[in-house]
Every structure is written in C-alpha cells, then in structure tokens.
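Pasted below: coords.txt, compact mmCIF, C-alpha atoms and all ligand atoms.
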# COMPACT_ATOMS: atom_id res chain seq x y z
CA MET A 891 255.60 53.36 84.50
CA ASN A 892 254.93 50.02 86.11
CA ASN A 893 256.48 46.71 85.05
CA SER A 894 253.53 45.45 83.02
CA LYS A 895 254.33 48.26 80.58
CA ASN A 896 258.08 47.65 80.60
CA ASN A 897 258.13 47.47 76.84
CA ILE A 898 256.42 49.81 74.42
CA ALA A 899 255.19 46.72 72.53
CA ASN A 900 253.11 45.74 75.59
CA TYR A 901 251.52 49.12 75.96
CA HIS A 902 247.74 48.92 76.28
CA ILE A 903 245.78 50.69 73.55
CA SER A 904 242.45 52.26 74.61
CA SER A 905 239.48 50.44 73.12
CA ASN A 906 238.17 53.59 71.40
CA ARG A 907 241.55 54.68 69.96
CA VAL A 908 240.94 53.04 66.58
CA LEU A 909 237.66 54.37 65.22
CA GLY A 910 237.85 52.17 62.16
CA ASP A 911 240.02 49.51 60.61
CA ILE A 912 239.41 48.09 57.12
CA LYS A 913 241.44 45.36 55.44
CA GLY A 914 240.67 45.50 51.74
CA SER A 915 241.03 43.09 48.86
CA LYS A 916 244.66 44.10 48.17
CA GLN A 917 247.54 44.60 50.60
CA THR A 918 248.40 48.09 49.40
CA PRO A 919 248.14 51.10 49.79
CA THR A 920 247.59 52.10 53.43
CA VAL A 921 245.65 55.22 54.35
CA VAL A 922 245.71 56.46 57.94
CA ILE A 923 243.38 59.22 59.12
CA LEU A 924 244.13 61.05 62.37
CA ALA A 925 241.19 62.90 63.86
CA GLY A 926 240.76 64.95 67.03
CA ILE A 927 244.46 65.49 67.80
CA HIS A 928 243.09 68.74 69.22
CA GLY A 929 240.20 67.85 71.53
CA ASN A 930 238.04 70.85 70.58
CA GLU A 931 238.16 69.89 66.87
CA GLN A 932 235.56 67.17 66.39
CA ALA A 933 234.61 67.71 62.73
CA GLY A 934 237.25 65.21 61.56
CA VAL A 935 236.04 62.60 64.04
CA LYS A 936 232.42 62.96 62.90
CA ALA A 937 233.43 62.94 59.21
CA SER A 938 235.59 59.81 59.61
CA LYS A 939 232.72 57.97 61.31
CA LYS A 940 230.40 58.92 58.45
CA VAL A 941 232.86 57.65 55.84
CA LEU A 942 233.38 54.36 57.69
CA GLN A 943 229.63 53.89 57.98
CA LYS A 944 229.04 54.59 54.28
CA ILE A 945 231.78 52.14 53.22
CA LYS A 946 230.03 49.49 55.31
CA GLU A 947 226.42 50.30 54.41
CA ASP A 948 227.05 50.69 50.68
CA ASN A 949 229.37 47.69 50.72
CA ILE A 950 232.03 49.72 48.86
CA GLN A 951 234.85 47.66 47.32
CA PHE A 952 238.03 48.56 49.21
CA LYS A 953 241.64 47.94 48.20
CA GLY A 954 244.44 48.26 50.73
CA ASN A 955 244.23 49.18 54.38
CA PHE A 956 242.37 52.00 56.08
CA TYR A 957 242.72 53.14 59.66
CA VAL A 958 241.09 55.98 61.56
CA ILE A 959 242.97 56.90 64.72
CA PHE A 960 241.35 59.04 67.40
CA GLY A 961 243.81 61.71 68.63
CA ASN A 962 243.29 63.33 72.02
CA ILE A 963 240.53 61.20 73.59
CA ASN A 964 240.75 62.78 77.05
CA ALA A 965 240.65 66.38 75.77
CA SER A 966 237.84 65.48 73.34
CA LYS A 967 235.68 64.24 76.23
CA LYS A 968 236.31 67.55 78.00
CA GLY A 969 235.81 69.64 74.85
CA ILE A 970 239.22 71.31 75.24
CA ARG A 971 242.17 71.65 72.84
CA PHE A 972 244.49 69.88 75.32
CA GLU A 973 244.90 69.36 79.03
CA ASP A 974 248.62 69.70 79.85
CA VAL A 975 250.48 70.16 76.55
CA ASP A 976 249.45 70.49 72.90
CA LEU A 977 249.45 66.91 71.52
CA ASN A 978 250.52 68.31 68.14
CA ARG A 979 253.70 69.96 69.48
CA ILE A 980 255.44 67.04 71.20
CA TRP A 981 256.68 64.94 68.29
CA ARG A 982 260.35 65.82 68.65
CA LYS A 983 263.11 63.22 68.37
CA GLU A 984 263.95 63.45 72.07
CA ASN A 985 260.29 62.86 73.06
CA ILE A 986 260.14 59.73 70.93
CA GLU A 987 263.42 58.48 72.36
CA ALA A 988 261.95 59.00 75.83
CA ILE A 989 258.90 56.93 74.84
CA ASN A 990 261.11 54.11 73.58
CA ASN A 991 263.30 54.27 76.70
CA LEU A 992 260.17 54.37 78.87
CA SER A 993 261.47 57.53 80.50
CA VAL A 994 258.73 59.82 79.26
CA GLU A 995 257.40 62.38 81.70
CA GLU A 996 253.78 61.36 82.13
CA ASN A 997 251.02 63.89 81.65
CA ALA A 998 247.55 63.79 80.09
CA GLU A 999 248.91 64.14 76.54
CA THR A 1000 251.97 61.86 76.69
CA LYS A 1001 249.62 58.99 77.56
CA GLU A 1002 247.75 59.69 74.32
CA GLN A 1003 251.01 60.14 72.40
CA ILE A 1004 252.42 56.76 73.45
CA GLU A 1005 249.33 54.93 72.15
CA ILE A 1006 249.26 56.89 68.87
CA TYR A 1007 253.00 56.37 68.35
CA LYS A 1008 252.72 52.64 68.98
CA LEU A 1009 249.77 52.29 66.60
CA ILE A 1010 251.49 54.20 63.79
CA LYS A 1011 254.68 52.23 64.30
CA ASP A 1012 252.78 48.92 64.19
CA ILE A 1013 251.00 49.97 60.99
CA ILE A 1014 254.20 51.06 59.21
CA ASP A 1015 256.13 47.98 60.41
CA ARG A 1016 253.38 45.53 59.47
CA ASP A 1017 251.56 46.93 56.42
CA ILE A 1018 252.77 47.64 52.93
CA GLY A 1019 253.11 51.15 51.54
CA PRO A 1020 252.69 53.56 49.99
CA PHE A 1021 251.39 55.13 53.21
CA TYR A 1022 249.18 58.19 53.21
CA PHE A 1023 248.71 60.01 56.52
CA ILE A 1024 245.93 62.61 56.78
CA ASP A 1025 245.57 64.73 59.92
CA LEU A 1026 242.19 66.47 60.19
CA HIS A 1027 241.82 69.81 61.97
CA THR A 1028 239.55 72.85 62.21
CA THR A 1029 240.28 76.50 63.02
CA SER A 1030 239.02 79.09 65.52
CA SER A 1031 237.91 81.53 62.81
CA ALA A 1032 236.03 81.00 59.54
CA THR A 1033 238.19 79.78 56.66
CA VAL A 1034 238.07 78.14 53.28
CA PRO A 1035 239.40 74.61 53.72
CA PHE A 1036 243.14 74.28 53.10
CA ILE A 1037 246.05 71.85 53.22
CA THR A 1038 249.30 72.29 55.11
CA ILE A 1039 252.36 70.22 54.19
CA SER A 1040 256.08 69.94 54.60
CA ASP A 1041 257.49 70.73 51.18
CA SER A 1042 258.52 67.29 49.95
CA LEU A 1043 257.82 66.34 46.34
CA ASN A 1044 255.61 63.38 47.28
CA ASN A 1045 253.50 65.63 49.55
CA ARG A 1046 253.18 68.25 46.80
CA LYS A 1047 252.11 65.69 44.24
CA PHE A 1048 249.38 64.16 46.43
CA SER A 1049 248.16 67.62 47.59
CA SER A 1050 247.67 68.76 44.02
CA ASN A 1051 244.72 66.32 43.72
CA PHE A 1052 242.59 68.50 46.00
CA PRO A 1053 240.87 71.71 44.81
CA VAL A 1054 241.93 73.75 47.86
CA PRO A 1055 244.90 76.04 48.65
CA VAL A 1056 248.07 74.36 49.88
CA VAL A 1057 250.34 76.10 52.41
CA LEU A 1058 253.99 75.01 52.40
CA GLY A 1059 256.56 75.30 55.11
CA ILE A 1060 254.41 75.92 58.16
CA GLU A 1061 256.75 73.61 60.07
CA GLU A 1062 259.33 76.42 60.18
CA TYR A 1063 256.95 78.11 62.61
CA LEU A 1064 255.71 75.11 64.59
CA ASP A 1065 257.60 73.02 67.09
CA GLY A 1066 257.03 69.26 67.02
CA PRO A 1067 253.91 68.67 64.87
CA LEU A 1068 253.03 65.01 64.27
CA LEU A 1069 253.04 65.19 60.46
CA THR A 1070 256.58 66.61 60.23
CA PHE A 1071 257.72 63.68 62.36
CA ILE A 1072 255.99 61.15 60.05
CA ASN A 1073 257.35 62.95 56.97
CA GLU A 1074 260.90 62.42 58.13
CA PHE A 1075 260.52 58.71 57.41
CA GLY A 1076 259.64 59.49 53.78
CA HIS A 1077 255.85 59.05 53.94
CA ILE A 1078 253.16 61.31 52.52
CA ALA A 1079 251.58 63.33 55.33
CA LEU A 1080 248.94 66.03 54.75
CA GLY A 1081 247.24 68.28 57.27
CA PHE A 1082 243.73 69.34 56.34
CA GLU A 1083 241.94 72.27 57.99
CA GLY A 1084 238.26 71.73 57.24
CA GLY A 1085 236.79 75.07 58.39
CA GLU A 1086 235.66 76.66 61.65
CA HIS A 1087 235.44 74.39 64.72
CA HIS A 1088 231.65 74.44 65.12
CA ASP A 1089 230.53 74.95 61.53
CA GLU A 1090 228.63 71.89 60.22
CA LYS A 1091 230.22 72.59 56.81
CA SER A 1092 233.57 71.64 58.32
CA VAL A 1093 232.29 68.08 58.81
CA THR A 1094 231.16 67.91 55.17
CA ASN A 1095 234.51 69.34 54.02
CA CYS A 1096 236.46 66.74 56.01
CA GLU A 1097 234.20 64.00 54.66
CA ALA A 1098 234.77 65.21 51.07
CA PHE A 1099 238.51 65.33 51.73
CA ILE A 1100 238.63 61.74 53.03
CA TRP A 1101 236.69 60.44 50.01
CA LYS A 1102 239.02 62.23 47.62
CA ALA A 1103 242.05 60.90 49.52
CA LEU A 1104 240.67 57.35 49.24
CA VAL A 1105 240.04 57.79 45.50
CA HIS A 1106 243.43 59.35 44.69
CA SER A 1107 245.32 56.77 46.75
CA LYS A 1108 243.35 54.17 44.73
CA CYS A 1109 241.66 52.52 47.72
CA VAL A 1110 238.19 53.06 46.28
CA ALA A 1111 236.86 53.74 42.79
CA LYS A 1112 234.96 56.97 42.09
CA LYS A 1113 232.13 55.03 40.46
CA ASP A 1114 231.48 53.10 43.68
CA ILE A 1115 230.81 56.24 45.71
CA THR A 1116 227.30 57.61 45.33
CA ASN A 1117 227.35 61.45 45.39
CA TYR A 1118 231.10 61.54 44.68
CA ASN A 1119 230.71 64.66 42.55
CA ASP A 1120 228.82 66.40 45.36
CA TYR A 1121 231.78 65.78 47.68
CA LYS A 1122 234.16 67.01 45.02
CA ASN A 1123 232.10 70.15 44.35
CA GLU A 1124 231.87 70.80 48.07
CA LEU A 1125 235.58 71.66 48.06
CA SER A 1126 235.79 73.12 44.55
CA ASN A 1127 233.68 76.24 44.72
CA LEU A 1128 235.92 78.16 47.07
CA CYS A 1129 238.86 80.52 46.66
CA CYS A 1130 242.47 79.77 45.66
CA LYS A 1131 241.89 76.23 44.47
CA TYR A 1132 245.04 74.33 43.52
CA ASP A 1133 247.19 77.37 44.49
CA PHE A 1134 250.37 76.88 46.53
CA PHE A 1135 251.34 79.44 49.16
CA GLU A 1136 254.34 80.05 51.37
CA ILE A 1137 254.51 81.80 54.72
CA LYS A 1138 256.50 85.04 54.39
CA TYR A 1139 255.86 86.61 57.78
CA ARG A 1140 254.68 85.64 61.24
CA TYR A 1141 253.52 88.10 63.86
CA GLY A 1142 254.51 86.53 67.19
CA ILE A 1143 252.72 87.78 70.29
CA LYS A 1144 254.97 88.51 73.25
CA LYS A 1145 254.17 87.61 76.85
CA ASP A 1146 251.80 90.18 78.42
CA GLU A 1147 251.28 91.90 75.06
CA ASP A 1148 247.77 93.26 74.50
CA PHE A 1149 247.16 92.05 70.94
CA LYS A 1150 243.94 92.71 69.07
CA MET A 1151 243.36 91.67 65.46
CA LYS A 1152 241.28 94.11 63.42
CA SER A 1153 237.87 92.53 62.98
CA GLY A 1154 236.54 91.06 59.77
CA PHE A 1155 239.58 89.42 58.15
CA ILE A 1156 238.88 86.19 56.34
CA ASN A 1157 241.61 83.61 55.93
CA PHE A 1158 243.44 84.00 52.56
CA GLU A 1159 242.00 87.51 52.06
CA SER A 1160 244.30 89.71 49.94
CA ILE A 1161 246.09 92.47 51.85
CA LYS A 1162 248.31 95.37 50.79
CA LYS A 1163 251.62 96.54 52.26
CA ASN A 1164 251.06 99.08 55.11
CA GLN A 1165 247.41 98.06 55.53
CA ASP A 1166 246.25 98.17 59.20
CA LEU A 1167 245.99 94.63 60.48
CA ALA A 1168 245.94 94.71 64.26
CA GLN A 1169 246.74 96.64 67.45
CA SER A 1170 249.48 95.90 69.93
CA ASN A 1171 249.30 97.73 73.26
CA GLY A 1172 247.23 100.39 71.49
CA GLU A 1173 249.69 100.84 68.57
CA LEU A 1174 248.70 99.97 64.99
CA ILE A 1175 250.37 97.00 63.32
CA LYS A 1176 250.66 97.33 59.54
CA ALA A 1177 251.26 94.71 56.86
CA THR A 1178 254.98 94.34 56.07
CA GLU A 1179 254.23 93.31 52.49
CA ASP A 1180 251.49 92.52 49.97
CA GLY A 1181 250.04 89.05 50.24
CA ARG A 1182 247.26 87.09 51.88
CA ILE A 1183 246.32 87.15 55.52
CA PHE A 1184 246.58 83.72 57.13
CA MET A 1185 245.29 82.45 60.48
CA PRO A 1186 244.29 85.83 61.98
CA LEU A 1187 243.88 85.32 65.73
CA TYR A 1188 240.32 85.84 66.91
CA GLN A 1189 240.48 83.90 70.18
CA ASN A 1190 242.18 84.77 73.44
CA LEU A 1191 244.71 81.95 73.43
CA GLY A 1192 247.70 81.77 71.11
CA GLU A 1193 251.18 83.03 70.30
CA ASP A 1194 250.66 83.66 66.59
CA GLY A 1195 248.85 86.92 65.85
CA PHE A 1196 248.69 86.34 62.10
CA PHE A 1197 250.78 85.18 59.16
CA ILE A 1198 251.27 86.71 55.71
CA LEU A 1199 251.30 84.34 52.75
CA SER A 1200 252.57 84.83 49.26
CA LYS A 1201 251.48 82.75 46.31
CA ILE A 1202 254.15 80.50 44.85
CA SER A 1203 254.49 80.78 41.09
CA LYS A 1204 254.14 77.76 38.83
CA PHE A 1205 257.64 78.63 37.60
CA TRP A 1206 259.13 78.32 41.10
CA LEU A 1207 257.29 75.04 41.68
CA SER A 1208 258.59 73.48 38.49
CA THR A 1209 262.11 74.88 38.92
CA SER A 1210 262.37 73.41 42.38
CA LEU A 1211 260.97 70.10 41.16
CA PHE A 1212 263.63 70.06 38.45
CA ALA A 1213 266.44 71.10 40.84
CA ARG A 1214 265.53 68.39 43.32
CA LYS A 1215 265.15 65.67 40.72
CA LEU A 1216 268.61 66.49 39.39
CA LYS A 1217 269.89 66.25 42.98
CA ILE A 1218 272.12 69.30 42.49
CA ASN A 1219 271.50 70.37 46.08
CA HIS A 1220 275.01 69.18 46.99
CA PHE A 1221 276.35 72.45 45.61
CA LEU A 1222 274.82 74.25 48.63
CA ARG A 1223 277.53 72.61 50.75
CA LEU A 1224 280.21 74.35 48.73
CA ILE A 1225 279.06 77.78 49.89
CA PRO A 1226 281.33 79.16 52.65
CA GLY A 1227 279.47 79.11 55.96
CA VAL A 1228 277.27 76.18 54.91
CA ASN A 1229 278.24 72.76 56.26
CA LYS A 1230 276.74 69.29 56.21
CA ALA A 1231 275.77 68.03 59.66
CA PRO A 1232 278.19 65.28 60.75
CA GLU A 1233 275.39 62.98 61.97
CA ASN A 1234 273.25 62.82 58.82
CA ASN A 1235 272.99 63.64 55.14
CA TYR A 1236 269.89 65.81 55.19
CA THR A 1237 270.82 68.62 57.58
CA LEU A 1238 272.77 71.72 56.56
CA ILE A 1239 274.26 73.84 59.34
CA VAL A 1240 274.35 77.46 58.25
CA ASP A 1241 276.14 80.46 59.70
CA PRO A 1242 273.38 83.07 60.28
CA LYS A 1243 275.67 85.83 58.88
CA ILE A 1244 275.82 83.92 55.58
CA ALA A 1245 272.10 83.15 55.64
CA LYS A 1246 271.43 86.87 55.89
CA TYR A 1247 272.95 87.41 52.44
CA LEU A 1248 271.79 84.14 51.00
CA ALA A 1249 268.02 84.29 50.81
CA LYS A 1250 266.14 81.54 52.59
CA ASP A 1251 264.46 81.01 49.23
CA ILE A 1252 267.48 79.23 47.83
CA PHE A 1253 267.28 76.62 50.59
CA HIS A 1254 263.53 76.34 50.05
CA LEU A 1255 264.08 75.82 46.32
CA PHE A 1256 266.13 72.72 47.05
CA GLY A 1257 263.64 71.46 49.59
CA TYR A 1258 265.37 72.57 52.79
CA ARG A 1259 263.42 74.21 55.61
CA GLN A 1260 264.81 75.89 58.67
CA GLN A 1261 264.02 73.72 61.63
CA ILE A 1262 266.07 74.84 64.59
CA TYR A 1263 268.54 77.43 65.84
CA LYS A 1264 271.28 75.68 67.79
CA ASP A 1265 274.72 76.83 69.04
CA ASP A 1266 274.37 80.13 67.12
CA LYS A 1267 273.78 78.26 63.85
CA LEU A 1268 270.70 77.72 61.68
CA HIS A 1269 269.80 74.15 60.85
CA PHE A 1270 268.08 73.58 57.51
CA ILE A 1271 266.54 70.15 57.08
CA LYS A 1272 265.74 68.48 53.78
CA ARG A 1273 262.07 67.54 53.43
CA ASP A 1274 262.47 64.93 50.68
CA ARG A 1275 263.51 61.67 52.28
CA LYS A 1276 264.08 58.10 51.33
CA LYS A 1277 261.72 55.77 53.14
CA THR A 1278 263.39 54.53 56.32
CA ALA A 1279 262.31 52.36 59.26
CA PHE A 1280 259.94 54.16 61.61
CA LYS A 1281 261.38 54.56 65.09
ZN ZN B 1 244.07 71.59 65.24

Show me, as structure tokens, the structure contained in the file I just sent.
Ligand SMILES: [Zn+2]
Amino acid sequence: MNNSKNNIANYHISSNRVLGDIKGSKQTPTVVILAGIHGNEQAGVKASKKVLQKIKEDNIQFKGNFYVIFGNINASKKGIRFEDVDLNRIWRKENIEAINNLSVEENAETKEQIEIYKLIKDIIDRDIGPFYFIDLHTTSSATVPFITISDSLNNRKFSSNFPVPVVLGIEEYLDGPLLTFINEFGHIALGFEGGEHHDEKSVTNCEAFIWKALVHSKCVAKKDITNYNDYKNELSNLCCKYDFFEIKYRYGIKKDEDFKMKSGFINFESIKKNQDLAQSNGELIKATEDGRIFMPLYQNLGEDGFFILSKISKFWLSTSLFARKLKINHFLRLIPGVNKAPENNYTLIVDPKIAKYLAKDIFHLFGYRQQIYKDDKLHFIKRDRKKTAFK
C-alpha cells in the first residue's frame, strides 16, 4: 500500500459503497444492512434500494440510524460470486490484524473488505447501540426464505420476530463469515437468505425482511408503513415458520469427486434415514438420519454437497436459555480434558477423546460452538458475549 493510505483511518471509501444513510430523530438504535457480499446475489441490493426510496417518498418517521452497505462491488459489476476469494470467508482475526497493520495481501476482495471493515468500525465507534446487522443473501436453488445465526441469546431473540425458519450453528461449518466476526463483539447479527438468486420473489422477501427488522428494532412504526401486512404475509405463508433448526450432518465433497445430488429436493424438505440423496462416483449416498435436507447442491461449484437439519425442541431452547442465564457454564471446565483457554474467558479447549464421549450437544446447550481444530485439540467458542470495542 502506498503512503497516502498509511493509516486505515485514511482509507478511501468508494462513492457507491454506502447505498443509503439515514439519521433519524433519535440517536438509537442503529441498523446496518449488508447487501451483495456475494456479487451474484443482487436481490438484497435491489430490496434495500426500494426500502430507502419508500422511506424518502413516503416521508416515513425514522428513529435511530440506518445504513445500507454494498458488499462486493467489483464482483457485482461482473455478475460473479467473487473474483479471487469469497468475501464472506475472510473475516478471521489474523486477516483483520493484517488490515490494521496494513500488511494485508491485496487481491480483488481484500480491497472490498478493508472498506467494509472501516465503515463498520466507524459506525460502531461513533453511533449508539443497540446495533442490528443484517446480511442479505440468496441461494443457487429454490428455497423458502430462512435466517442463519450464531447461537447467542440476543440473536435468537431478534430472529424469533420473523415468521421464517432459523438455522443455528452454521458457523461450525464455515470459515470466516462476516457475521460471526461481528457477533464476537456482542452485537446482533442475522443472515437472511431471501430465495433463489434470480427469482423476483427473493427481492420482495428481502424487502419484507428489512421492513420487519426496522419495525422490531423500533426504527419505524408499523402504522407508518403502507402495505406493512402485505410484507409480513409475504414471509408468513411458507413452511417451518418460527422453527429453529440445527445442522446435524454435512456432506463434504472431496477434490476430484464426481458428486451429483438427486434432482428435485427442496430446501427444508423432510427426509428419512437411508433415503437416497445423491451419487458419489456412481455410488449412492443415503441419509444418515431422519431430518430435513438443507442446501442441496445443484450448481457445479461448491464443497458442501448437502446438510441434514434437525428441528430443535422448544424444551431444548428454553433449557439452554435458562442454563445460560444462570451462567452455570463454568462447570464445563471441571470436566477432565476440558480446559479454559489461557488467552480469554470464552474459549474451551477440549481433548477430542473426551469430546467423543461428551456429546457436542452439551457444549451447544451452554452456547459453545466448535470453531477450530488446533494442536490436536477442539476449540469451542462461546457465542454469547459482552459488548466490547470493535477492532
Ligand atoms: Zn451469499
């Protein structure tokens, strides 16, 4: 990087990076929409523009702050998911340190990342919370709209306002998504998948989602939005509303594997154990358990063949809420083979031999998710966090 950029604070922000910026009548809350993090997913961008326009045209009373940040501008122009690296897989601690030390390896996506990082940091440093981050996406195959979140109690609570299924714990299977990074500073961060990439309904779904997010964060009043019930109904009439799911199984595709998903699966469709799901190098792949099929791969690119979800019971949800509120998670550290990480209070380092006998579910119950495998040990990281300075 040249000298004019020798401080992240001086970094130039592209003129079209912020699609909208509203300062309302009160200082709080702050809602931040991220759209087009994947360049081939434009429904969220279109929906955000429509919402901004309606707020302006209808002169809707707004409280708090509202920002719409454009994700991968370069890839969006080219109509591709990304150019060099997936912009939603590079939000690891070491990448952010490299940005702050100005030692980041430049490629098409890190240029976008630096601007987005700086903007989010400025917003969190300057504005007053609570902060709500919403990241809008679409999928390669048809789907009912759904939410993905890290399983923190504040994320759960905000998600339960939307009449769509919520999938917990996807971060155990993804490396470096933006929302997990934001979550680690204690803020609410929801991912919303609005539908198939090119389906016009996906735009309407994203629009409905933004309006509901603005209402439930108390930025706008329902009564001020004409057609509010239409937006609400748009999301309501689909399957699995208000249900919470957890990923139980991932089928990872190996290098050079010839993987073919059986045609016709719809996201969240019920499946039975031993049901034929796909073919790998000509051999049948059967379901390992009963559940729901999730993200079946119907495009050529990708490492995830499919996932299997299971519905989380209301009992489990309330038990884990209770357990976390009582803060009795400290007892996990008393189990032989489970140790607190020396550098922080929210990481448990677990001997994989112990973890084999101790179901992952017990860590999940207390809000811990497996994040990494390092030095032959599993690292479980707590999703509920106190709000800390964004860096
Ligand atoms: Zn996406």

Which of A:Tyr1063, A:Phe1082, A:Phe1270, A:Phe1134 sits closest to ligand ZN 1 (chain B) [using all atoms listed in the file]
A:Phe1082

Mind dumping a table of every chain A residue within 6 Å of ligand ZN 1 (chain B), with the nearest atom pair and its distance in Å to one decimal, using only C-alpha atoms and all ligand atoms, sorted by chain and rising number, as a tab-separated table?
residue	atom	partner	partner_atom	distance
A:His928	CA	B:ZN1	ZN	5.0
A:His1027	CA	B:ZN1	ZN	4.4
A:Thr1028	CA	B:ZN1	ZN	5.6

Close residues, range 1221-1233 of chain A itself excluded, 10 Å, all atoms listed in the file, min 3 positions apart in chain, as a list in words:
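Once the adjacent positions are removed, what remains is Lys1217, Ile1218, Tyr1236, Thr1237, Leu1238, Ile1239, Val1240, Asp1241, Pro1242, Lys1243, Ile1244, Ala1245, Leu1248, Ile1252, Phe1253, Phe1256, Lys1267, Leu1268, His1269, Phe1270 and Ile1271 of chain A.
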
Those same residues - C-alpha atoms - I'd like them written as a tab-separated table (two decimals), in the frame of the given file.
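Result saved to selection37.tsv:
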chain	number	residue	atom	x	y	z
A	1217	LYS	CA	269.89	66.25	42.98
A	1218	ILE	CA	272.12	69.30	42.49
A	1236	TYR	CA	269.89	65.81	55.19
A	1237	THR	CA	270.82	68.62	57.58
A	1238	LEU	CA	272.77	71.72	56.56
A	1239	ILE	CA	274.26	73.84	59.34
A	1240	VAL	CA	274.35	77.46	58.25
A	1241	ASP	CA	276.14	80.46	59.70
A	1242	PRO	CA	273.38	83.07	60.28
A	1243	LYS	CA	275.67	85.83	58.88
A	1244	ILE	CA	275.82	83.92	55.58
A	1245	ALA	CA	272.10	83.15	55.64
A	1248	LEU	CA	271.79	84.14	51.00
A	1252	ILE	CA	267.48	79.23	47.83
A	1253	PHE	CA	267.28	76.62	50.59
A	1256	PHE	CA	266.13	72.72	47.05
A	1267	LYS	CA	273.78	78.26	63.85
A	1268	LEU	CA	270.70	77.72	61.68
A	1269	HIS	CA	269.80	74.15	60.85
A	1270	PHE	CA	268.08	73.58	57.51
A	1271	ILE	CA	266.54	70.15	57.08

Write out, as CSV, each residue of range 986-1026 of chain A that has an atom at most 12 Å from range 1040-1058 of chain A, together with the closest pair of atoms and their distance in Å to one decimal, counting all atoms listed in the file, rows going by chain and rising number.
residue,atom,partner,partner_atom,distance
A:Pro1020,CA,A:Asn1044,CA,10.6
A:Phe1021,CA,A:Asn1044,CA,11.0
A:Tyr1022,CA,A:Phe1048,CA,9.0
A:Phe1023,CA,A:Asn1045,CA,10.2
A:Ile1024,CA,A:Ser1049,CA,10.7

Thr1178 in chain A environment, 8 Å, only C-alpha atoms, sequence neighbours closer than 6 positions dropped, as a list in words
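Non-adjacent residues within range: Tyr1139, Lys1163 and Asn1164 of chain A.
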
When you draw a straight line from CA of Ile1202 in chain A to CA of Thr1070 in chain A, how long is it in Å?
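These atoms are spaced 20.9 Å apart.
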
Residues within 12 Å of (237.3, 67.6, 56.3), counting all atoms listed in the file, listed as a ChimeraX atom specification
/A:923-926,931-941,1024-1029,1034-1037,1052,1054,1080-1087,1089-1103,1121-1122,1124-1125

Residues within 9 Å of His1254 in chain A, only C-alpha atoms, excluding chain neighbours under 4 positions, as a ChimeraX atom specification
/A:1041,1059,1210,1250,1258-1260,1272

Near Leu977 in chain A, counting all atoms listed in the file, which residues have an atom at most 8 Å away, once you skip same-chain residues fewer than 2 positions from it, shown as a list in words?
Ile927, His928, Asn962, Phe972, Val975, Arg979, Ile980, Glu999, Thr1000, Glu1002 and Gln1003 of chain A

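Close contacts of Thr1116 in chain A, defined as residues with an atom at most 10 Å away when counting all atoms listed in the file, with chain neighbours fewer than 5 positions off set aside, comprise A:Lys944, A:Asp948, A:Ile950, A:Tyr1121.
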
Would you please work out which residue, of A:Glu1136, A:Asp1017, A:Asp1166, A:Glu1074, is nearest to Glu1062 in chain A when using only C-alpha atoms?
A:Glu1136

Go through A:Lys1281, A:Arg1182, A:His1088, A:Lys1108 one by one, measure the shortest atom-to-atom distance of each to Ser1031 in chain A using all atoms listed in the file, and give the residue with the smallest value.
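Closest to Ser1031 in chain A of all the choices is A:His1088.
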
Could you list, with a cut-off of 6 Å and counting all atoms listed in the file, the residues of range 1174-1267 of chain A near range 1141-1153 of chain A, each shown with its nearest atom pair and the distance in Å rounded to one decimal, rows sorted by chain and ascending number, as CSV?
residue,atom,partner,partner_atom,distance
A:Glu1193,CA,A:Ile1143,CA,5.0
A:Asp1194,CA,A:Gly1142,CA,4.8
A:Gly1195,CA,A:Tyr1141,CA,5.2
A:Phe1196,CA,A:Tyr1141,CA,5.4

Selection from above, C-alpha atoms, as a JSON list (two decimals), in the frame of the given file, can you write it?
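Output contents, as saved in selection34.json:
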[["chain", "number", "residue", "atom", "x", "y", "z"],
["A", 1193, "GLU", "CA", 251.18, 83.03, 70.30],
["A", 1194, "ASP", "CA", 250.66, 83.66, 66.59],
["A", 1195, "GLY", "CA", 248.85, 86.92, 65.85],
["A", 1196, "PHE", "CA", 248.69, 86.34, 62.10]]

For CA of Lys946 in chain A and CA of Ile912 in chain A, quote the distance in Å rounded to one decimal.
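That distance, rounded to one decimal, is 9.7 Å.
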
For a quick check of understanding, using all atoms listed in the file, which of A:Lys913, A:Lys1112, A:Lys968, A:His902 has the smallest distance to Lys1008 in chain A?
A:His902

Using CA of Glu1179 in chain A and CA of Leu1211 in chain A as the two end points, give the distance in Å to one decimal.
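Going from CA of Glu1179 in chain A over to CA of Leu1211 in chain A, I get 26.7 Å.
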
With only C-alpha atoms as the basis for distance, which of A:Ile903, A:Leu1128, A:Ile945, A:Ala988 is at the shortest distance from Asp1114 in chain A?
A:Ile945
